[in-house]
Amino acid sequence: MQREFDHQLREHVGDPLMYAPSQKLSVISEGKVLFRWSCGEDFEFFDLASLTKILFSAPLWVRLLQHSSLDVKDEARVYLPWWKNGDGVTVEQLLIHSSGLTWWKPFFKKIKEGSLQKRREQLIELLKKEVPENPGQVCMYSDLSLFYLGLIAEEVFQKSFSPKNGVLSEYSNPILSFIFSKFQFA
């Protein structure tokens with residue numbers, strides 16, 4: 001079954017590694033693993049960025065575009081002037097993963113313990129150093145885009161991205177807003 005899936009996938013989309021350097025899929029029904037497939041490098045950690053887009057980013061950005069003067073054609077530096085290397089990168093390119101940013105970096109290894117504000121400051125210091133390659137030329141998924149988009153949302157809404165009483169709790173998915181209002185986060 002795995003060989004057939006791999007064959008069909010490649011026949012319809014080409015080389016799956018063109019889209020991400022590592023991919024895994026598991027189909028589980030009633031607690032039983034029916035199917036597993038993977039390709040590319042094997043990483044110890046995978047994040048949930050794709051789910052993050054659906055649960056947080058999509059509703060947030062719909063509201064942002066409805067209730068602000070933000071234009072997706074604006075350069076990201078309009079909102080993030082500290083990103084000196086971001087010349088030519090637009091909000092739209094960040095949204096559609098054509099910003100020229102690398103797909104992923106292990107920032108979690110460099111960000112030290114501390115308050116949410118302290119970790120945010122450390123993340124910004126790391127993001128300041130990022131240099132996009134040929135913005136608008138190639139579409140490649142990038143987790144880094146979501147970091148920049150979150151910081152742009154903070155600027156536009158003039159609210160922190162804190163899960164409790166911040167941009168997420170007010171402008172994101174109503175179910176998540178409920179969860180954030182009932183539970184404590186670091």
# chains A, B, ... in the order shown; residues from 1 in each chain; ligands from 1
$ residues_around --residues "A:Phe5" --least-positions-apart "4" --cutoff "12 Å" --atoms "only C-alpha atoms" --output "PyMOL selection string"
chain A and resi 1+9-13+16+25+35-39
$ write_last_selection --atoms "all heavy atoms" --output "short mmCIF file (atom, residue, chain, number, x, y, z; two decimals), in the first residue's frame"
data_model
loop_
_atom_site.label_atom_id
_atom_site.label_comp_id
_atom_site.auth_asym_id
_atom_site.auth_seq_id
_atom_site.Cartn_x
_atom_site.Cartn_y
_atom_site.Cartn_z
N MET A 1 0.82 -1.19 0.00
CA MET A 1 0.00 0.00 0.00
C MET A 1 0.88 1.27 0.00
O MET A 1 0.55 2.23 -0.66
CB MET A 1 -0.94 -0.01 1.21
CG MET A 1 -1.94 1.11 1.21
SD MET A 1 -3.00 1.00 2.65
CE MET A 1 -4.56 1.35 1.92
N LEU A 9 1.18 9.49 -5.56
CA LEU A 9 1.53 10.84 -5.13
C LEU A 9 2.51 11.47 -6.12
O LEU A 9 2.31 12.59 -6.58
CB LEU A 9 2.14 10.81 -3.73
CG LEU A 9 2.59 12.16 -3.17
CD1 LEU A 9 1.38 13.03 -2.85
CD2 LEU A 9 3.43 11.96 -1.92
N ARG A 10 3.55 10.75 -6.44
CA ARG A 10 4.56 11.28 -7.37
C ARG A 10 3.98 11.50 -8.77
O ARG A 10 4.36 12.45 -9.46
CB ARG A 10 5.77 10.36 -7.42
CG ARG A 10 6.57 10.41 -6.13
CD ARG A 10 7.71 9.39 -6.09
NE ARG A 10 8.31 9.32 -4.78
CZ ARG A 10 9.19 10.19 -4.31
NH1 ARG A 10 9.57 11.21 -5.06
NH2 ARG A 10 9.68 10.07 -3.09
N GLU A 11 3.05 10.65 -9.16
CA GLU A 11 2.42 10.80 -10.47
C GLU A 11 1.58 12.08 -10.53
O GLU A 11 1.54 12.75 -11.55
CB GLU A 11 1.54 9.58 -10.76
CG GLU A 11 1.01 9.53 -12.17
CD GLU A 11 0.27 8.24 -12.42
OE1 GLU A 11 0.94 7.18 -12.50
OE2 GLU A 11 -0.97 8.28 -12.52
N HIS A 12 0.94 12.44 -9.41
CA HIS A 12 0.05 13.60 -9.40
C HIS A 12 0.74 14.91 -9.02
O HIS A 12 0.35 15.96 -9.51
CB HIS A 12 -1.13 13.35 -8.46
CG HIS A 12 -2.11 12.38 -9.02
ND1 HIS A 12 -2.00 11.03 -8.82
CD2 HIS A 12 -3.17 12.56 -9.82
CE1 HIS A 12 -2.99 10.41 -9.45
NE2 HIS A 12 -3.71 11.32 -10.07
N VAL A 13 1.73 14.89 -8.15
CA VAL A 13 2.35 16.15 -7.70
C VAL A 13 3.84 16.22 -7.98
O VAL A 13 4.46 17.24 -7.70
CB VAL A 13 2.11 16.41 -6.20
CG1 VAL A 13 0.64 16.48 -5.88
CG2 VAL A 13 2.82 15.40 -5.32
N PRO A 16 7.56 14.95 -3.92
CA PRO A 16 7.02 15.62 -2.74
C PRO A 16 8.06 16.43 -1.98
O PRO A 16 7.72 17.35 -1.25
CB PRO A 16 6.46 14.49 -1.88
CG PRO A 16 7.03 13.23 -2.43
CD PRO A 16 7.46 13.49 -3.83
N LEU A 25 2.98 10.85 7.10
CA LEU A 25 1.53 10.72 7.11
C LEU A 25 1.18 9.42 7.83
O LEU A 25 1.78 8.38 7.56
CB LEU A 25 1.00 10.67 5.67
CG LEU A 25 -0.47 10.28 5.49
CD1 LEU A 25 -1.38 11.40 5.99
CD2 LEU A 25 -0.74 9.95 4.04
N PHE A 35 -2.13 2.88 8.03
CA PHE A 35 -1.18 3.22 6.98
C PHE A 35 -0.18 4.24 7.51
O PHE A 35 -0.54 5.16 8.23
CB PHE A 35 -1.96 3.80 5.80
CG PHE A 35 -1.11 4.30 4.67
CD1 PHE A 35 -0.47 3.43 3.81
CD2 PHE A 35 -0.97 5.66 4.45
CE1 PHE A 35 0.30 3.90 2.77
CE2 PHE A 35 -0.21 6.14 3.41
CZ PHE A 35 0.43 5.26 2.56
N ARG A 36 1.08 4.08 7.14
CA ARG A 36 2.11 5.08 7.44
C ARG A 36 2.94 5.30 6.18
O ARG A 36 3.25 4.35 5.46
CB ARG A 36 3.03 4.63 8.56
CG ARG A 36 2.38 4.63 9.92
CD ARG A 36 3.44 4.37 10.99
NE ARG A 36 2.83 4.04 12.24
CZ ARG A 36 2.53 4.92 13.19
NH1 ARG A 36 2.80 6.19 13.01
NH2 ARG A 36 1.97 4.55 14.31
N TRP A 37 3.30 6.55 5.96
CA TRP A 37 4.13 6.91 4.81
C TRP A 37 5.05 8.04 5.21
O TRP A 37 4.67 8.90 6.02
CB TRP A 37 3.24 7.35 3.65
CG TRP A 37 4.00 7.89 2.47
CD1 TRP A 37 4.55 7.18 1.46
CD2 TRP A 37 4.28 9.26 2.20
NE1 TRP A 37 5.17 8.01 0.57
CE2 TRP A 37 5.01 9.31 1.00
CE3 TRP A 37 4.00 10.46 2.85
CZ2 TRP A 37 5.46 10.50 0.44
CZ3 TRP A 37 4.45 11.64 2.30
CH2 TRP A 37 5.16 11.66 1.10
N SER A 38 6.26 8.04 4.69
CA SER A 38 7.17 9.15 4.96
C SER A 38 8.16 9.26 3.81
O SER A 38 8.38 8.31 3.06
CB SER A 38 7.91 8.94 6.28
OG SER A 38 8.76 7.83 6.20
N CYS A 39 8.74 10.44 3.69
CA CYS A 39 9.80 10.64 2.72
C CYS A 39 10.67 11.79 3.20
O CYS A 39 10.26 12.61 4.01
CB CYS A 39 9.27 10.93 1.32
SG CYS A 39 8.53 12.53 1.09
#
$ closest_residue --among "A:Arg120, A:Asn134, A:Gly114, A:Lys105" --to "A:Gly86" --atoms "only C-alpha atoms"
A:Asn134
$ closest_residue --among "A:Leu60, A:Leu94, A:Ile111, A:Leu17" --to "A:Leu146" --atoms "only C-alpha atoms"
A:Leu94
$ atom_distance --atom1 "atom CA of A:Gln23" --atom2 "atom CA of A:Leu127"
25.0 Å
$ atom_distance --atom1 "atom CA of A:Glu133" --atom2 "atom CA of A:Ser99"
7.8 Å
$ select_by_dssp --residues "stretch 1-93 of chain A" --states "strand (DSSP E or B)" --output "mmCIF file with C-alpha atoms, in the first residue's frame"
data_model
loop_
_atom_site.group_PDB
_atom_site.id
_atom_site.type_symbol
_atom_site.label_atom_id
_atom_site.label_comp_id
_atom_site.auth_asym_id
_atom_site.auth_seq_id
_atom_site.Cartn_x
_atom_site.Cartn_y
_atom_site.Cartn_z
ATOM 1 C CA SER A 22 10.476 15.921 5.238
ATOM 2 C CA GLN A 23 6.930 14.601 5.283
ATOM 3 C CA LYS A 24 5.080 11.990 7.284
ATOM 4 C CA LEU A 25 1.529 10.719 7.107
ATOM 5 C CA SER A 26 -0.293 8.293 9.415
ATOM 6 C CA VAL A 27 -3.847 7.070 8.943
ATOM 7 C CA ILE A 28 -5.353 5.808 12.198
ATOM 8 C CA SER A 29 -8.880 4.504 12.653
ATOM 9 C CA LYS A 32 -5.374 1.052 14.775
ATOM 10 C CA VAL A 33 -2.662 2.260 12.433
ATOM 11 C CA LEU A 34 -3.939 1.569 8.926
ATOM 12 C CA PHE A 35 -1.179 3.218 6.982
ATOM 13 C CA ARG A 36 2.108 5.083 7.437
ATOM 14 C CA TRP A 37 4.125 6.908 4.812
ATOM 15 C CA SER A 38 7.173 9.145 4.961
ATOM 16 C CA CYS A 39 9.804 10.644 2.718
ATOM 17 C CA GLY A 40 12.809 12.899 3.104
ATOM 18 C CA GLU A 75 6.358 45.585 2.497
ATOM 19 C CA THR A 90 5.616 41.881 1.152
#
$ closest_residue --among "A:Ser160, A:Tyr79, A:Phe147, A:Leu70" --to "A:Leu116" --atoms "only C-alpha atoms"
A:Ser160
$ select_by_dssp --residues "stretch 25-155 of chain A" --states "helix (DSSP H, G or I)" --output "short mmCIF file (atom, residue, chain, number, x, y, z; two decimals) with N, CA and C atoms, in the first residue's frame"
data_model
loop_
_atom_site.label_atom_id
_atom_site.label_comp_id
_atom_site.auth_asym_id
_atom_site.auth_seq_id
_atom_site.Cartn_x
_atom_site.Cartn_y
_atom_site.Cartn_z
N ALA A 49 2.69 23.56 12.39
CA ALA A 49 2.48 24.81 11.69
C ALA A 49 1.28 24.75 10.75
N SER A 50 1.06 23.62 10.11
CA SER A 50 -0.09 23.54 9.21
C SER A 50 -1.39 23.67 9.97
N LEU A 51 -1.48 23.04 11.13
CA LEU A 51 -2.67 23.21 11.96
C LEU A 51 -2.75 24.62 12.51
N THR A 52 -1.61 25.19 12.82
CA THR A 52 -1.57 26.56 13.32
C THR A 52 -2.19 27.51 12.31
N LYS A 53 -1.88 27.30 11.04
CA LYS A 53 -2.46 28.16 10.00
C LYS A 53 -3.98 28.08 10.03
N ILE A 54 -4.51 26.89 10.14
CA ILE A 54 -5.96 26.71 10.09
C ILE A 54 -6.62 27.26 11.35
N LEU A 55 -6.06 26.93 12.51
CA LEU A 55 -6.70 27.29 13.77
C LEU A 55 -6.48 28.74 14.20
N PHE A 56 -5.30 29.26 13.95
CA PHE A 56 -4.97 30.60 14.42
C PHE A 56 -4.84 31.61 13.29
N SER A 57 -3.93 31.33 12.39
CA SER A 57 -3.54 32.34 11.41
C SER A 57 -4.65 32.70 10.43
N ALA A 58 -5.34 31.73 9.88
CA ALA A 58 -6.37 32.05 8.88
C ALA A 58 -7.47 32.95 9.47
N PRO A 59 -8.08 32.58 10.60
CA PRO A 59 -9.11 33.48 11.16
C PRO A 59 -8.54 34.84 11.57
N LEU A 60 -7.34 34.84 12.10
CA LEU A 60 -6.71 36.08 12.52
C LEU A 60 -6.50 37.01 11.33
N TRP A 61 -5.97 36.47 10.24
CA TRP A 61 -5.67 37.32 9.09
C TRP A 61 -6.93 37.75 8.35
N VAL A 62 -7.96 36.94 8.34
CA VAL A 62 -9.24 37.39 7.76
C VAL A 62 -9.74 38.60 8.53
N ARG A 63 -9.73 38.52 9.85
CA ARG A 63 -10.17 39.66 10.66
C ARG A 63 -9.25 40.86 10.49
N LEU A 64 -7.98 40.59 10.43
CA LEU A 64 -7.01 41.68 10.26
C LEU A 64 -7.28 42.43 8.96
N LEU A 65 -7.51 41.71 7.88
CA LEU A 65 -7.76 42.36 6.60
C LEU A 65 -9.12 43.04 6.56
N GLN A 66 -10.09 42.52 7.30
CA GLN A 66 -11.42 43.13 7.35
C GLN A 66 -11.44 44.41 8.19
N ALA A 76 6.74 44.15 4.40
CA ALA A 76 6.71 43.76 5.81
C ALA A 76 7.41 44.79 6.68
N ARG A 77 8.43 45.44 6.15
CA ARG A 77 9.20 46.43 6.92
C ARG A 77 8.36 47.64 7.30
N VAL A 78 7.23 47.87 6.63
CA VAL A 78 6.33 48.95 7.05
C VAL A 78 5.89 48.71 8.49
N LYS A 84 15.85 44.81 8.92
CA LYS A 84 16.65 45.51 7.90
C LYS A 84 16.90 44.65 6.67
N ASN A 85 16.96 43.34 6.83
CA ASN A 85 17.22 42.43 5.71
C ASN A 85 15.96 42.08 4.93
N GLY A 86 14.81 42.63 5.33
CA GLY A 86 13.54 42.26 4.71
C GLY A 86 13.12 43.12 3.54
N VAL A 91 3.82 41.55 2.71
CA VAL A 91 2.94 40.77 3.59
C VAL A 91 2.35 39.60 2.80
N GLU A 92 1.96 39.86 1.57
CA GLU A 92 1.40 38.81 0.73
C GLU A 92 2.39 37.66 0.55
N GLN A 93 3.65 37.98 0.31
CA GLN A 93 4.65 36.92 0.14
C GLN A 93 4.81 36.10 1.41
N LEU A 94 4.71 36.74 2.56
CA LEU A 94 4.75 35.99 3.81
C LEU A 94 3.54 35.06 3.92
N LEU A 95 2.38 35.55 3.52
CA LEU A 95 1.14 34.76 3.60
C LEU A 95 1.15 33.55 2.66
N PHE A 107 14.92 27.57 16.23
CA PHE A 107 15.00 28.70 17.16
C PHE A 107 14.78 28.26 18.61
N PHE A 108 14.02 27.19 18.79
CA PHE A 108 13.74 26.73 20.15
C PHE A 108 15.02 26.39 20.91
N LYS A 109 16.09 26.06 20.18
CA LYS A 109 17.36 25.73 20.84
C LYS A 109 18.09 27.00 21.30
N LEU A 116 7.25 35.34 28.73
CA LEU A 116 6.81 35.37 27.35
C LEU A 116 7.41 36.58 26.63
N GLN A 117 7.46 37.72 27.30
CA GLN A 117 8.04 38.93 26.72
C GLN A 117 9.53 38.74 26.43
N LYS A 118 10.24 38.12 27.34
CA LYS A 118 11.68 37.89 27.16
C LYS A 118 11.92 36.95 25.97
N ARG A 119 11.12 35.90 25.88
CA ARG A 119 11.28 34.96 24.76
C ARG A 119 10.92 35.64 23.43
N ARG A 120 9.91 36.52 23.46
CA ARG A 120 9.53 37.28 22.27
C ARG A 120 10.71 38.14 21.81
N GLU A 121 11.35 38.82 22.75
CA GLU A 121 12.50 39.67 22.42
C GLU A 121 13.64 38.84 21.82
N GLN A 122 13.87 37.65 22.36
CA GLN A 122 14.92 36.78 21.83
C GLN A 122 14.58 36.33 20.40
N LEU A 123 13.30 36.02 20.17
CA LEU A 123 12.86 35.63 18.83
C LEU A 123 13.09 36.77 17.85
N ILE A 124 12.74 37.99 18.22
CA ILE A 124 12.94 39.13 17.33
C ILE A 124 14.41 39.30 17.00
N GLU A 125 15.28 39.13 17.98
CA GLU A 125 16.72 39.24 17.72
C GLU A 125 17.16 38.21 16.68
N LEU A 126 16.61 37.01 16.74
CA LEU A 126 16.94 35.98 15.75
C LEU A 126 16.36 36.34 14.38
N LEU A 127 15.13 36.82 14.36
CA LEU A 127 14.48 37.16 13.10
C LEU A 127 15.14 38.35 12.40
N LYS A 128 15.70 39.25 13.17
CA LYS A 128 16.39 40.41 12.58
C LYS A 128 17.50 39.97 11.63
N ASP A 143 8.04 28.12 7.98
CA ASP A 143 7.54 28.41 9.32
C ASP A 143 7.92 29.82 9.74
N LEU A 144 9.06 30.30 9.26
CA LEU A 144 9.53 31.62 9.66
C LEU A 144 8.54 32.71 9.26
N SER A 145 7.85 32.52 8.13
CA SER A 145 6.85 33.50 7.70
C SER A 145 5.81 33.74 8.79
N LEU A 146 5.42 32.67 9.47
CA LEU A 146 4.38 32.80 10.49
C LEU A 146 4.86 33.62 11.68
N PHE A 147 6.14 33.56 12.00
CA PHE A 147 6.67 34.41 13.07
C PHE A 147 6.53 35.88 12.69
N TYR A 148 6.95 36.20 11.46
CA TYR A 148 6.85 37.59 11.01
C TYR A 148 5.39 38.04 10.95
N LEU A 149 4.51 37.18 10.45
CA LEU A 149 3.09 37.53 10.36
C LEU A 149 2.48 37.79 11.74
N GLY A 150 2.86 36.99 12.72
CA GLY A 150 2.38 37.21 14.08
C GLY A 150 2.82 38.56 14.62
N LEU A 151 4.06 38.93 14.35
CA LEU A 151 4.57 40.21 14.82
C LEU A 151 3.92 41.37 14.07
N ILE A 152 3.59 41.18 12.80
CA ILE A 152 2.86 42.20 12.05
C ILE A 152 1.46 42.37 12.65
N ALA A 153 0.81 41.26 12.98
CA ALA A 153 -0.51 41.34 13.60
C ALA A 153 -0.46 42.11 14.91
N GLU A 154 0.57 41.88 15.70
CA GLU A 154 0.74 42.65 16.94
C GLU A 154 0.82 44.14 16.66
N GLU A 155 1.59 44.50 15.66
CA GLU A 155 1.75 45.92 15.31
C GLU A 155 0.43 46.54 14.86
#
$ atom_distance --atom1 "atom CA of A:Lys129" --atom2 "atom CA of A:Trp82"
9.9 Å
$ residues_around --residues "A:Gln137" --least-positions-apart "2" --cutoff "12 Å" --atoms "only C-alpha atoms" --output "PDB file with N, CA, C and O atoms, in the first residue's frame"
ATOM      1  N   GLY A  88      11.912  44.405   0.225  1.00  0.00           N
ATOM      2  CA  GLY A  88      11.225  43.768  -0.895  1.00  0.00           C
ATOM      3  C   GLY A  88      10.279  42.649  -0.515  1.00  0.00           C
ATOM      4  O   GLY A  88       9.541  42.157  -1.364  1.00  0.00           O
ATOM      5  N   VAL A  89      10.261  42.217   0.736  1.00  0.00           N
ATOM      6  CA  VAL A  89       9.355  41.146   1.160  1.00  0.00           C
ATOM      7  C   VAL A  89       8.013  41.769   1.537  1.00  0.00           C
ATOM      8  O   VAL A  89       7.941  42.629   2.411  1.00  0.00           O
ATOM      9  N   GLN A  93       3.646  37.977   0.314  1.00  0.00           N
ATOM     10  CA  GLN A  93       4.649  36.924   0.137  1.00  0.00           C
ATOM     11  C   GLN A  93       4.814  36.101   1.405  1.00  0.00           C
ATOM     12  O   GLN A  93       5.012  34.888   1.335  1.00  0.00           O
ATOM     13  N   ILE A  96       1.740  33.718   1.484  1.00  0.00           N
ATOM     14  CA  ILE A  96       1.690  32.629   0.490  1.00  0.00           C
ATOM     15  C   ILE A  96       3.028  31.890   0.355  1.00  0.00           C
ATOM     16  O   ILE A  96       3.231  31.139  -0.597  1.00  0.00           O
ATOM     17  N   HIS A  97       3.912  32.106   1.322  1.00  0.00           N
ATOM     18  CA  HIS A  97       5.188  31.389   1.379  1.00  0.00           C
ATOM     19  C   HIS A  97       6.058  31.592   0.139  1.00  0.00           C
ATOM     20  O   HIS A  97       6.640  30.658  -0.382  1.00  0.00           O
ATOM     21  N   SER A  98       6.107  32.827  -0.312  1.00  0.00           N
ATOM     22  CA  SER A  98       7.031  33.140  -1.407  1.00  0.00           C
ATOM     23  C   SER A  98       7.980  34.269  -0.998  1.00  0.00           C
ATOM     24  O   SER A  98       8.451  35.026  -1.831  1.00  0.00           O
ATOM     25  N   SER A  99       8.249  34.354   0.293  1.00  0.00           N
ATOM     26  CA  SER A  99       9.085  35.431   0.838  1.00  0.00           C
ATOM     27  C   SER A  99      10.578  35.202   0.643  1.00  0.00           C
ATOM     28  O   SER A  99      11.374  36.115   0.828  1.00  0.00           O
ATOM     29  N   GLY A 100      10.955  33.980   0.294  1.00  0.00           N
ATOM     30  CA  GLY A 100      12.369  33.665   0.144  1.00  0.00           C
ATOM     31  C   GLY A 100      13.035  33.251   1.449  1.00  0.00           C
ATOM     32  O   GLY A 100      14.251  33.061   1.507  1.00  0.00           O
ATOM     33  N   LEU A 101      12.241  33.116   2.503  1.00  0.00           N
ATOM     34  CA  LEU A 101      12.784  32.674   3.788  1.00  0.00           C
ATOM     35  C   LEU A 101      13.006  31.165   3.782  1.00  0.00           C
ATOM     36  O   LEU A 101      12.296  30.427   3.103  1.00  0.00           O
ATOM     37  N   PRO A 132      16.137  36.932   3.393  1.00  0.00           N
ATOM     38  CA  PRO A 132      15.391  36.200   2.365  1.00  0.00           C
ATOM     39  C   PRO A 132      16.192  36.104   1.069  1.00  0.00           C
ATOM     40  O   PRO A 132      16.970  36.999   0.744  1.00  0.00           O
ATOM     41  N   GLU A 133      15.974  35.017   0.346  1.00  0.00           N
ATOM     42  CA  GLU A 133      16.625  34.841  -0.956  1.00  0.00           C
ATOM     43  C   GLU A 133      15.582  34.977  -2.063  1.00  0.00           C
ATOM     44  O   GLU A 133      14.640  34.202  -2.105  1.00  0.00           O
ATOM     45  N   ASN A 134      15.740  35.966  -2.898  1.00  0.00           N
ATOM     46  CA  ASN A 134      14.868  36.181  -4.063  1.00  0.00           C
ATOM     47  C   ASN A 134      13.379  36.186  -3.721  1.00  0.00           C
ATOM     48  O   ASN A 134      12.623  35.338  -4.196  1.00  0.00           O
ATOM     49  N   PRO A 135      12.928  37.128  -2.884  1.00  0.00           N
ATOM     50  CA  PRO A 135      11.498  37.197  -2.539  1.00  0.00           C
ATOM     51  C   PRO A 135      10.617  37.237  -3.790  1.00  0.00           C
ATOM     52  O   PRO A 135      10.945  37.905  -4.769  1.00  0.00           O
ATOM     53  N   CYS A 139       7.913  29.594  -4.467  1.00  0.00           N
ATOM     54  CA  CYS A 139       6.967  29.309  -3.397  1.00  0.00           C
ATOM     55  C   CYS A 139       7.476  28.094  -2.626  1.00  0.00           C
ATOM     56  O   CYS A 139       7.597  27.006  -3.175  1.00  0.00           O
ATOM     57  N   MET A 140       7.822  28.325  -1.346  1.00  0.00           N
ATOM     58  CA  MET A 140       8.305  27.238  -0.495  1.00  0.00           C
ATOM     59  C   MET A 140       7.774  27.480   0.915  1.00  0.00           C
ATOM     60  O   MET A 140       7.943  28.568   1.460  1.00  0.00           O
TER      61      MET A 140
END
